[in-house]
Structure formats: structure tokens, C-alpha cells
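Novice: Please find query-v6.tsv (TSV, C-alpha atoms) on the next line:
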chain	number	residue	atom	x	y	z
Z	1	MET	CA	60.60	2.95	-14.25
Z	2	LYS	CA	58.22	3.35	-17.16
Z	3	PRO	CA	58.27	6.42	-19.43
Z	4	VAL	CA	56.03	9.30	-18.39
Z	5	ILE	CA	53.94	10.53	-21.33
Z	6	PHE	CA	53.74	14.08	-20.00
Z	7	THR	CA	53.89	16.17	-16.86
Z	8	GLY	CA	51.72	19.24	-16.43
Z	9	ALA	CA	48.19	20.06	-17.58
Z	10	GLY	CA	46.90	18.23	-20.61
Z	11	VAL	CA	43.71	19.63	-22.09
Z	12	ALA	CA	40.76	17.28	-22.52
Z	13	ILE	CA	39.87	19.16	-25.68
Z	14	ILE	CA	36.28	19.81	-26.73
Z	15	THR	CA	34.88	18.91	-30.14
Z	16	PRO	CA	33.26	21.95	-31.79
Z	17	PHE	CA	30.06	21.43	-33.73
Z	18	ASN	CA	28.16	23.48	-36.26
Z	19	ASN	CA	24.59	24.47	-35.50
Z	20	ASP	CA	23.38	21.37	-37.35
Z	21	GLN	CA	25.55	19.26	-34.98
Z	22	THR	CA	28.06	18.27	-37.66
Z	23	VAL	CA	31.71	18.46	-36.61
Z	24	ASN	CA	33.31	21.86	-37.24
Z	25	TYR	CA	36.74	20.63	-38.30
Z	26	ASP	CA	38.04	24.09	-39.20
Z	27	ARG	CA	37.21	25.41	-35.75
Z	28	PHE	CA	38.76	22.32	-34.16
Z	29	CYS	CA	42.05	23.07	-35.90
Z	30	GLU	CA	41.93	26.66	-34.62
Z	31	ILE	CA	41.28	25.47	-31.07
Z	32	VAL	CA	44.25	23.09	-31.21
Z	33	GLU	CA	46.45	25.98	-32.39
Z	34	TYR	CA	45.05	28.14	-29.57
Z	35	GLN	CA	45.98	25.50	-27.00
Z	36	LEU	CA	49.52	25.28	-28.33
Z	37	GLU	CA	49.89	29.06	-28.24
Z	38	LYS	CA	48.69	29.18	-24.63
Z	39	GLY	CA	51.17	26.59	-23.41
Z	40	THR	CA	49.16	23.45	-22.85
Z	41	ASP	CA	51.34	20.45	-21.95
Z	42	ALA	CA	49.45	17.75	-23.85
Z	43	ILE	CA	46.26	17.37	-25.87
Z	44	VAL	CA	43.76	14.62	-25.15
Z	45	VAL	CA	41.50	14.33	-28.18
Z	46	CYS	CA	38.19	12.44	-28.43
Z	47	GLY	CA	37.72	11.90	-24.71
Z	48	THR	CA	34.66	12.51	-22.56
Z	49	THR	CA	34.95	16.28	-22.96
Z	50	GLY	CA	35.27	15.76	-26.71
Z	51	GLU	CA	31.90	13.94	-26.76
Z	52	ALA	CA	33.62	10.88	-28.18
Z	53	LYS	CA	30.72	8.52	-27.66
Z	54	THR	CA	28.57	10.52	-30.07
Z	55	LEU	CA	31.22	10.54	-32.80
Z	56	SER	CA	31.25	8.09	-35.67
Z	57	THR	CA	34.45	6.10	-36.16
Z	58	GLU	CA	35.19	8.24	-39.23
Z	59	GLU	CA	34.75	11.48	-37.29
Z	60	HIS	CA	36.77	10.11	-34.38
Z	61	VAL	CA	39.75	9.11	-36.51
Z	62	LYS	CA	39.66	12.31	-38.58
Z	63	LEU	CA	39.83	14.45	-35.44
Z	64	ILE	CA	42.77	12.44	-34.11
Z	65	LYS	CA	44.65	12.75	-37.41
Z	66	LEU	CA	44.03	16.50	-37.61
Z	67	CYS	CA	45.26	16.96	-34.06
Z	68	VAL	CA	48.43	14.93	-34.64
Z	69	ASP	CA	49.22	16.81	-37.84
Z	70	ILE	CA	48.71	20.25	-36.30
Z	71	VAL	CA	50.60	19.50	-33.08
Z	72	ASN	CA	53.51	18.02	-35.06
Z	73	HIS	CA	55.32	16.68	-31.98
Z	74	LYS	CA	55.22	19.99	-30.07
Z	75	VAL	CA	53.41	18.28	-27.20
Z	76	PRO	CA	52.13	14.72	-26.72
Z	77	VAL	CA	48.80	13.82	-28.31
Z	78	ILE	CA	46.72	11.27	-26.42
Z	79	ALA	CA	43.74	9.75	-28.20
Z	80	GLY	CA	40.60	8.52	-26.52
Z	81	ALA	CA	40.17	4.95	-27.78
Z	82	GLY	CA	38.20	3.14	-25.11
Z	83	SER	CA	34.97	1.20	-25.43
Z	84	ASN	CA	32.75	-1.23	-23.56
Z	85	ASP	CA	33.34	-3.56	-26.52
Z	86	THR	CA	36.89	-4.86	-26.07
Z	87	ARG	CA	37.32	-5.77	-29.73
Z	88	TYR	CA	36.16	-2.33	-30.87
Z	89	ALA	CA	38.54	-0.73	-28.37
Z	90	VAL	CA	41.37	-2.59	-30.10
Z	91	GLU	CA	40.13	-1.52	-33.52
Z	92	LEU	CA	39.88	2.13	-32.51
Z	93	SER	CA	43.24	1.98	-30.74
Z	94	ASN	CA	44.88	0.59	-33.88
Z	95	GLU	CA	43.34	3.37	-35.98
Z	96	ALA	CA	44.65	5.98	-33.52
Z	97	GLU	CA	48.09	4.40	-33.67
Z	98	LYS	CA	48.11	4.77	-37.45
Z	99	CYS	CA	47.57	8.51	-36.94
Z	100	GLY	CA	50.79	8.72	-34.92
Z	101	VAL	CA	49.51	9.43	-31.40
Z	102	ASP	CA	51.84	9.35	-28.41
Z	103	ALA	CA	49.46	7.45	-26.14
Z	104	LEU	CA	45.97	6.00	-25.92
Z	105	LEU	CA	43.37	6.87	-23.28
Z	106	SER	CA	41.22	3.85	-22.49
Z	107	VAL	CA	38.11	4.30	-20.37
Z	108	THR	CA	36.74	1.44	-18.30
Z	109	PRO	CA	33.90	-0.54	-19.90
Z	110	TYR	CA	30.58	1.22	-19.32
Z	111	TYR	CA	26.94	0.05	-19.39
Z	112	ASN	CA	27.65	-3.69	-19.51
Z	113	LYS	CA	30.45	-3.02	-16.95
Z	114	THR	CA	32.64	-5.86	-15.61
Z	115	SER	CA	34.36	-7.23	-12.51
Z	116	GLN	CA	37.93	-6.45	-11.41
Z	117	LYS	CA	38.95	-9.74	-13.02
Z	118	GLY	CA	37.21	-8.57	-16.19
Z	119	LEU	CA	39.07	-5.25	-16.12
Z	120	ILE	CA	42.38	-7.09	-16.00
Z	121	ALA	CA	41.38	-9.29	-18.92
Z	122	HIS	CA	39.95	-6.33	-20.91
Z	123	TYR	CA	43.00	-4.11	-20.58
Z	124	ASN	CA	45.57	-6.83	-21.07
Z	125	TYR	CA	43.73	-7.95	-24.22
Z	126	ILE	CA	43.98	-4.40	-25.60
Z	127	ALA	CA	47.58	-3.84	-24.48
Z	128	ASP	CA	48.69	-7.09	-26.11
Z	129	ARG	CA	47.35	-5.86	-29.45
Z	130	VAL	CA	48.81	-2.36	-29.60
Z	131	LYS	CA	52.30	-0.88	-29.69
Z	132	THR	CA	51.44	2.46	-28.09
Z	133	PRO	CA	51.45	3.28	-24.35
Z	134	ILE	CA	48.06	3.23	-22.64
Z	135	ILE	CA	46.70	5.59	-20.00
Z	136	LEU	CA	43.73	4.03	-18.23
Z	137	TYR	CA	40.70	6.20	-17.44
Z	138	ASN	CA	38.77	5.58	-14.23
Z	139	VAL	CA	35.54	7.59	-14.00
Z	140	PRO	CA	32.99	5.58	-11.98
Z	141	SER	CA	30.37	8.35	-12.01
Z	142	ARG	CA	29.96	7.77	-15.75
Z	143	THR	CA	30.79	4.10	-16.17
Z	144	GLY	CA	29.63	2.42	-12.97
Z	145	VAL	CA	33.04	0.70	-12.76
Z	146	ASN	CA	35.83	1.59	-10.32
Z	147	ILE	CA	39.39	0.29	-10.79
Z	148	GLN	CA	40.61	-0.87	-7.39
Z	149	PRO	CA	44.23	-0.27	-6.27
Z	150	GLU	CA	45.05	-3.97	-6.34
Z	151	THR	CA	43.75	-4.16	-9.91
Z	152	TYR	CA	45.97	-1.23	-10.87
Z	153	ALA	CA	48.93	-3.06	-9.35
Z	154	GLU	CA	48.22	-6.08	-11.55
Z	155	LEU	CA	47.63	-4.00	-14.69
Z	156	ALA	CA	50.81	-1.98	-14.11
Z	157	LYS	CA	52.80	-5.16	-14.73
Z	158	HIS	CA	52.07	-4.78	-18.45
Z	159	PRO	CA	54.86	-2.74	-20.09
Z	160	LEU	CA	52.42	-0.67	-22.18
Z	161	ILE	CA	50.04	0.27	-19.35
Z	162	VAL	CA	51.89	3.34	-18.13
Z	163	GLY	CA	49.37	5.64	-16.44
Z	164	THR	CA	45.85	6.42	-15.33
Z	165	LYS	CA	43.50	9.36	-15.41
Z	166	GLU	CA	41.87	9.12	-12.00
Z	167	ALA	CA	38.43	10.70	-11.66
Z	168	ASN	CA	36.97	8.57	-8.89
Z	169	GLY	CA	37.16	11.45	-6.40
Z	170	ASP	CA	38.48	9.22	-3.61
Z	171	ILE	CA	41.83	10.57	-2.46
Z	172	SER	CA	42.37	7.68	-0.05
Z	173	GLN	CA	41.96	5.13	-2.83
Z	174	ILE	CA	44.30	7.10	-5.08
Z	175	ALA	CA	46.88	7.16	-2.28
Z	176	ARG	CA	46.73	3.38	-2.02
Z	177	THR	CA	47.11	3.06	-5.79
Z	178	ALA	CA	50.20	5.28	-5.65
Z	179	SER	CA	51.58	3.22	-2.78
Z	180	LEU	CA	51.09	-0.10	-4.59
Z	181	CYS	CA	52.22	0.99	-8.07
Z	182	GLY	CA	55.00	3.49	-7.45
Z	183	ASP	CA	56.83	4.48	-10.63
Z	184	GLU	CA	55.13	1.75	-12.66
Z	185	LEU	CA	51.97	3.85	-13.08
Z	186	ALA	CA	51.82	7.62	-13.62
Z	187	ILE	CA	48.72	9.12	-12.00
Z	188	TYR	CA	46.94	12.11	-13.53
Z	189	SER	CA	44.09	13.88	-11.81
Z	190	GLY	CA	40.90	13.61	-13.83
Z	191	ASN	CA	39.32	16.37	-11.74
Z	192	ASP	CA	40.63	19.93	-11.93
Z	193	ASP	CA	39.73	20.61	-8.31
Z	194	GLN	CA	42.02	17.80	-7.11
Z	195	ALA	CA	45.13	18.51	-9.17
Z	196	THR	CA	47.27	19.83	-6.31
Z	197	ALA	CA	46.08	17.15	-3.91
Z	198	ILE	CA	46.89	14.30	-6.30
Z	199	MET	CA	50.31	15.75	-7.08
Z	200	SER	CA	51.04	15.69	-3.35
Z	201	LEU	CA	50.71	11.89	-3.67
Z	202	GLY	CA	53.16	11.79	-6.56
Z	203	GLY	CA	50.76	12.56	-9.41
Z	204	LYS	CA	52.22	13.86	-12.67
Z	205	GLY	CA	49.55	16.46	-13.45
Z	206	VAL	CA	45.98	16.78	-14.63
Z	207	ILE	CA	43.92	15.94	-17.70
Z	208	SER	CA	41.91	19.10	-17.58
Z	209	VAL	CA	38.53	20.51	-18.56
Z	210	LEU	CA	39.58	23.90	-17.14
Z	211	SER	CA	42.39	24.05	-19.72
Z	212	ASN	CA	39.83	24.61	-22.47
Z	213	VAL	CA	38.98	27.95	-20.86
Z	214	VAL	CA	42.25	29.04	-19.21
Z	215	PRO	CA	45.09	26.75	-20.34
Z	216	GLY	CA	47.72	28.98	-18.75
Z	217	VAL	CA	46.10	28.77	-15.33
Z	218	ALA	CA	45.75	24.98	-15.45
Z	219	HIS	CA	49.39	24.71	-16.53
Z	220	ASN	CA	50.58	26.99	-13.73
Z	221	ILE	CA	48.68	25.11	-11.00
Z	222	VAL	CA	50.64	21.99	-11.93
Z	223	GLN	CA	53.94	23.58	-12.88
Z	224	LYS	CA	54.24	25.48	-9.62
Z	225	TYR	CA	53.88	22.22	-7.73
Z	226	LEU	CA	56.39	20.45	-9.97
Z	227	ASP	CA	58.81	23.33	-9.40
Z	228	GLY	CA	58.49	22.97	-5.63
Z	229	ASP	CA	56.25	26.01	-5.14
Z	230	TYR	CA	53.63	24.06	-3.21
Z	231	ILE	CA	52.10	27.14	-1.62
Z	232	GLY	CA	51.79	28.86	-4.99
Z	233	SER	CA	50.12	25.79	-6.50
Z	234	ARG	CA	47.68	25.55	-3.62
Z	235	LYS	CA	46.89	29.26	-3.82
Z	236	LEU	CA	46.08	29.04	-7.55
Z	237	GLN	CA	44.07	25.84	-7.03
Z	238	LEU	CA	41.88	27.56	-4.45
Z	239	GLU	CA	41.66	30.83	-6.37
Z	240	TRP	CA	40.18	29.06	-9.39
Z	241	LEU	CA	38.15	26.49	-7.46
Z	242	ASP	CA	34.87	28.27	-8.17
Z	243	LEU	CA	35.39	28.03	-11.93
Z	244	CYS	CA	36.49	24.38	-11.67
Z	245	ASN	CA	33.18	23.74	-9.92
Z	246	ALA	CA	31.18	25.95	-12.31
Z	247	LEU	CA	32.34	23.85	-15.24
Z	248	PHE	CA	30.42	20.96	-13.67
Z	249	TYR	CA	27.13	22.73	-12.93
Z	250	ASP	CA	25.75	20.43	-15.62
Z	251	VAL	CA	27.00	17.30	-17.37
Z	252	ASN	CA	30.46	17.79	-18.87
Z	253	PRO	CA	31.06	19.20	-21.52
Z	254	ILE	CA	27.85	21.26	-21.48
Z	255	PRO	CA	29.19	24.01	-19.16
Z	256	VAL	CA	32.68	24.24	-20.69
Z	257	LYS	CA	31.29	24.69	-24.19
Z	258	GLU	CA	28.84	27.27	-22.85
Z	259	ALA	CA	31.73	29.09	-21.15
Z	260	MET	CA	33.81	29.09	-24.32
Z	261	ASN	CA	30.91	30.45	-26.32
Z	262	MET	CA	30.39	33.18	-23.70
Z	263	MET	CA	34.08	34.06	-24.14
Z	264	GLY	CA	33.64	34.36	-27.91
Z	265	LEU	CA	35.54	31.17	-28.76
Z	266	ASP	CA	32.64	29.89	-30.91
Z	267	VAL	CA	32.58	26.14	-30.31
Z	268	GLY	CA	28.92	25.61	-31.13
Z	269	PRO	CA	26.39	23.39	-29.36
Z	270	VAL	CA	26.72	20.03	-27.68
Z	271	ARG	CA	25.51	17.00	-29.59
Z	272	LEU	CA	22.38	15.11	-28.59
Z	273	PRO	CA	21.56	13.54	-26.18
Z	274	LEU	CA	23.23	16.48	-24.40
Z	275	VAL	CA	21.41	19.81	-24.47
Z	276	GLU	CA	22.30	23.36	-23.41
Z	277	MET	CA	22.29	24.51	-19.78
Z	278	ASN	CA	19.22	26.02	-18.20
Z	279	ASP	CA	19.13	29.77	-17.56
Z	280	ALA	CA	19.95	29.47	-13.85
Z	281	GLY	CA	23.06	27.43	-14.61
Z	282	LYS	CA	24.14	29.89	-17.27
Z	283	GLU	CA	23.82	32.78	-14.82
Z	284	LYS	CA	26.00	31.06	-12.21
Z	285	LEU	CA	28.57	30.11	-14.84
Z	286	ARG	CA	28.68	33.64	-16.23
Z	287	ALA	CA	29.14	35.05	-12.72
Z	288	SER	CA	32.26	32.92	-12.26
Z	289	LEU	CA	33.63	33.98	-15.65
Z	290	VAL	CA	32.98	37.63	-14.79
Z	291	LYS	CA	34.72	37.24	-11.43
Z	292	HIS	CA	37.89	36.10	-13.22
Z	293	GLY	CA	37.68	38.76	-15.92
Z	294	LEU	CA	37.01	36.26	-18.70
Z	295	VAL	CA	33.80	37.94	-19.87
Z	296	GLU	CA	32.34	41.39	-19.31
Z	297	ALA	CA	29.73	41.92	-16.62
Would you mind writing the structure in this file as C-alpha cells?
Specialist:
Amino acid sequence: MKPVIFTGAGVAIITPFNNDQTVNYDRFCEIVEYQLEKGTDAIVVCGTTGEAKTLSTEEHVKLIKLCVDIVNHKVPVIAGAGSNDTRYAVELSNEAEKCGVDALLSVTPYYNKTSQKGLIAHYNYIADRVKTPIILYNVPSRTGVNIQPETYAELAKHPLIVGTKEANGDISQIARTASLCGDELAIYSGNDDQATAIMSLGGKGVISVLSNVVPGVAHNIVQKYLDGDYIGSRKLQLEWLDLCNALFYDVNPIPVKEAMNMMGLDVGPVRLPLVEMNDAGKEKLRASLVKHGLVEA
């Protein structure tokens, strides 16, 4: 059995920007502290929700280092370090390792894409050149690439490929992956609305957008299930389903940053090419936040 990096709800943390779209490092540090105070189980820095693909290498590495230093081993820190350029993925992974992260999150190659054979070659190339455990990241809606269960089974043979963040939305495929890989690959839901369902297949938790807004709720959805309170987990999952959905009324992380700003958490704008939500989307998002008592009507 391979080591499990974390169980529970790990926040896919946002990157705050100033109004001129520069990184607001001071605010980032405050948000990391806020997550620790609210009981998050892990912090995933510089992922999709952190707008990693608009960050320079210098910004990317600085954010990882700040996060590691602030967290100081209280919870695992997982650094986004994937790329569609295999060699750059290794370079970024090595830089993250120098910062002292607990694991690397490596998204499938996007834009140029690849075959299943290419995925095996890509990930094994990276894993052979790092010393830190790797969590794969499968998000076909963004990358155009879908890791098949048989490919997972082959990749799980590598001692440093220990988990996956699954955001393909296909529960049947995830079930087959769990069946083929067993304890050799920890599965994390990449979609907040599927956390309970994926844990019923043996999943270890969720890498969560919702945790940016209500870290305690995301934690409790998972922890109740892990504690054997399956009904309680399901009840919370369904109770907060509307907000899980509201946070995807537009391209992530547009809605979650809008929600945090509505709540007074002051995370600034998204960085181009992303732009703010339209008025209709904002109204629907605010209605969900009001329903849950997170902002005033």
C-alpha cells in the first residue's frame, strides 16, 4: 500500500490579485492562515483555481514557498506543477520540491494533448526525475485528455505516482479505476458535488473549490463519511449542492473569487484572459450565498 498524502477536504486555493492584476502576496498569506484556522485538511497551491497558467515561473514558485513556510507542516501542501511541456513540468516540479512541498499535482498535457501511451511516457518521465509523490490531475473538460482506467493501472506501478484528482465527471469510469488500482492509487474527487459519491467507491476526499468559501463545510462532508456517518455526509452534500453548482456558473475560478469578494474576503479580480461574471450570474451566485447566510440579503 502506498502512503496517502491526506484524507479529507484539501482546498484548491485561489491566488489573490491586486486591481492591476499583480499578485497580492500579503493577502495570499492571510488566506492561507484563514484556511488553517478553519480546519482545512490540505492546501493545493497554484492549481487551476489558483490561475496557475497565468502565473510566471517566479510568481508560481514564490507562492509555493510562501505557502510551505506559513503552513509549517500543519497540513500537507500540494503544489501544482503540471504542464503540456514535459520538460518544463520536470523543471517546475523540481522547483516545488526545493520549497519543501509534500506532493506535486500534475495535470494532463493540454492543447497539444497526447495518447494514452503518451500519458504513460509523460508521467513516468516526470516521476523518474523527482523525489516527491505525485497526484495526477484528470480534467478532460479543460485539457481534452482523459486518463483511462487501464492507463491509471499502468501508472500506479510507479512508486511515486500515489493518487489522482479525478474531475472527469464519469462515476462509472472512476469505479473501474478504483477496481483496477485498489490501494496503489488514492482517488480524490475533483468536483465538490461528487465528493460523497466518490468516497463511496473508496475515495480519500476532495480537492475543493468550495473550501475557499466554507472550508468547514467541505471538511465535514468528507469527515462524516470517513467516520462512518454516511447519511450525515450525504445530507450535507445535498444541502450545499446549490452552492457547489453556483461556483461553476462561469469558468472556475471566476465565481469563487466573486463569492469571496461578496463575503468581504477581498481577493481581487481574476487575471486575463478571464473576466468578471455578468450581472445575471452574480445575482444567482449572491442568492445562493444569501440562502446559506454567507452574505446579507
Novice: Set the distance at 10 Å and use only C-alpha atoms: which residues neighbour Z:Ala167 once local chain neighbours fewer than 2 positions away are removed? I'd like the list as a VMD selection string.
Specialist: chain Z and resid 137 to 142 146 164 to 165 169 to 171 174 188 to 192 194 207
Novice: Quick one: of Z:Glu33, Z:Asp279, Z:Asp266, Z:Glu91, who's nearest to Z:Ile126, counting only C-alpha atoms?
Specialist: Z:Glu91
Novice: May I have the residues within 9 Å of Z:Leu155 as a ChimeraX atom specification, using all atoms listed in the file and disregarding those fewer than 6 positions away in the same chain?
Specialist: /Z:119-120,123-124,161
Novice: Rounded to one decimal in Å, what is the spacing between atom CA of Z:Thr151 and atom CA of Z:Arg129?
Specialist: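 Result for atom CA of Z:Thr151 versus atom CA of Z:Arg129: 19.9 Å, one decimal.
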Novice: Select, counting all atoms listed in the file, all protein, DNA and RNA residues no farther than 9 Å from (32.3, 23.2, -22.1) in file coordinates, and express the selection as a list of chain:residue names.
Specialist: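 The distance filter leaves exactly Z:Ile14, Z:Thr49, Z:Val209, Z:Leu210, Z:Asn212, Z:Val213, Z:Leu247, Z:Phe248, Z:Asn252, Z:Pro253, Z:Ile254, Z:Pro255, Z:Val256, Z:Lys257, Z:Glu258, Z:Ala259, Z:Met260, Z:Asn261, Z:Val267, Z:Val270.
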Novice: Excluding Z:Ser200 and its own-chain neighbours fewer than 5 positions away, which residues fall within 12 Å of it when counting only C-alpha atoms? Please give them as a PDB file with C-alpha atoms, keeping the file's coordinate frame.
Specialist:
ATOM      1  CA  ILE Z 171      41.830  10.570  -2.460  1.00  0.00           C
ATOM      2  CA  ILE Z 174      44.300   7.100  -5.080  1.00  0.00           C
ATOM      3  CA  ALA Z 175      46.880   7.160  -2.280  1.00  0.00           C
ATOM      4  CA  ALA Z 178      50.200   5.280  -5.650  1.00  0.00           C
ATOM      5  CA  ILE Z 187      48.720   9.120 -12.000  1.00  0.00           C
ATOM      6  CA  TYR Z 188      46.940  12.110 -13.530  1.00  0.00           C
ATOM      7  CA  SER Z 189      44.090  13.880 -11.810  1.00  0.00           C
ATOM      8  CA  GLN Z 194      42.020  17.800  -7.110  1.00  0.00           C
ATOM      9  CA  ALA Z 195      45.130  18.510  -9.170  1.00  0.00           C
ATOM     10  CA  GLY Z 205      49.550  16.460 -13.450  1.00  0.00           C
ATOM     11  CA  VAL Z 222      50.640  21.990 -11.930  1.00  0.00           C
ATOM     12  CA  TYR Z 225      53.880  22.220  -7.730  1.00  0.00           C
ATOM     13  CA  LEU Z 226      56.390  20.450  -9.970  1.00  0.00           C
ATOM     14  CA  GLY Z 228      58.490  22.970  -5.630  1.00  0.00           C
ATOM     15  CA  ASP Z 229      56.250  26.010  -5.140  1.00  0.00           C
ATOM     16  CA  TYR Z 230      53.630  24.060  -3.210  1.00  0.00           C
ATOM     17  CA  ILE Z 231      52.100  27.140  -1.620  1.00  0.00           C
ATOM     18  CA  SER Z 233      50.120  25.790  -6.500  1.00  0.00           C
ATOM     19  CA  ARG Z 234      47.680  25.550  -3.620  1.00  0.00           C
TER      20      ARG Z 234
END
Novice: Pick from Z:Leu55, Z:Lys117, Z:Cys46, Z:His122: nearest to Z:Leu105, with only C-alpha atoms counted?
Specialist: Z:Cys46
Novice: Could you check which of Z:Gln35, Z:Thr196, Z:Ser208, Z:Thr86 is closest to Z:Leu238, using all atoms listed in the file?
Specialist: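 Checking each of Z:Gln35, Z:Thr196, Z:Ser208, Z:Thr86 against Z:Leu238, counting all atoms listed in the file, the winner is Z:Thr196.
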Novice: Just the residues within 8 Å of Z:Lys113, please, counting all atoms listed in the file, with nothing from its chain fewer than 3 positions along; format it as a PyMOL selection string.
Specialist: chain Z and resi 84+108-110+143-145
Novice: Between Z:Thr132, Z:Asn220, Z:Thr54, Z:Asn278, single out the one closest to Z:Glu95, counting only C-alpha atoms.
Specialist: Z:Thr132
Novice: Leaving out Z:Ser288 and any residue of its chain fewer than 3 positions from it, which residues lie within 7 Å of it when counting all atoms listed in the file, given as an MDAnalysis selection string?
Specialist: chainID Z and resid 242:243 284:285 291:292
Novice: Compare Z:Cys181, Z:Leu63, Z:Ala156, Z:Met262 by their minimum atom-to-atom distance to Z:Ala297, counting only C-alpha atoms, and give me the closest one.
Specialist: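 Checking each of Z:Cys181, Z:Leu63, Z:Ala156, Z:Met262 against Z:Ala297, counting only C-alpha atoms, the winner is Z:Met262.
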Novice: Tell me, in Å to one decimal, how far atom CA of Z:Gly216 is from atom CA of Z:Tyr34.
Specialist: 11.2 Å
Novice: For the atom pair atom CA of Z:Pro16 and atom CA of Z:His60, what is the interatomic distance in Å to one decimal place?
Specialist: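 These atoms are spaced 12.6 Å apart.
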Novice: Which residue, Z:Leu289, Z:Val130, Z:Leu274, Z:Cys67, has the smallest gap to Z:Asn245 when you use all atoms listed in the file?
Specialist: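 Closest residue, counting all atoms listed in the file: Z:Leu289.
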Novice: Taking every listed atom of stretch 153-158 of chain Z and adding 3 Å to each side, what centre and edge lengths in Å (one decimal) does the axis-aligned box have, as JSON?
Specialist:
{"center_x": 50.2, "center_y": -4.0, "center_z": -13.9, "size_x": 11.2, "size_y": 10.1, "size_z": 15.1}
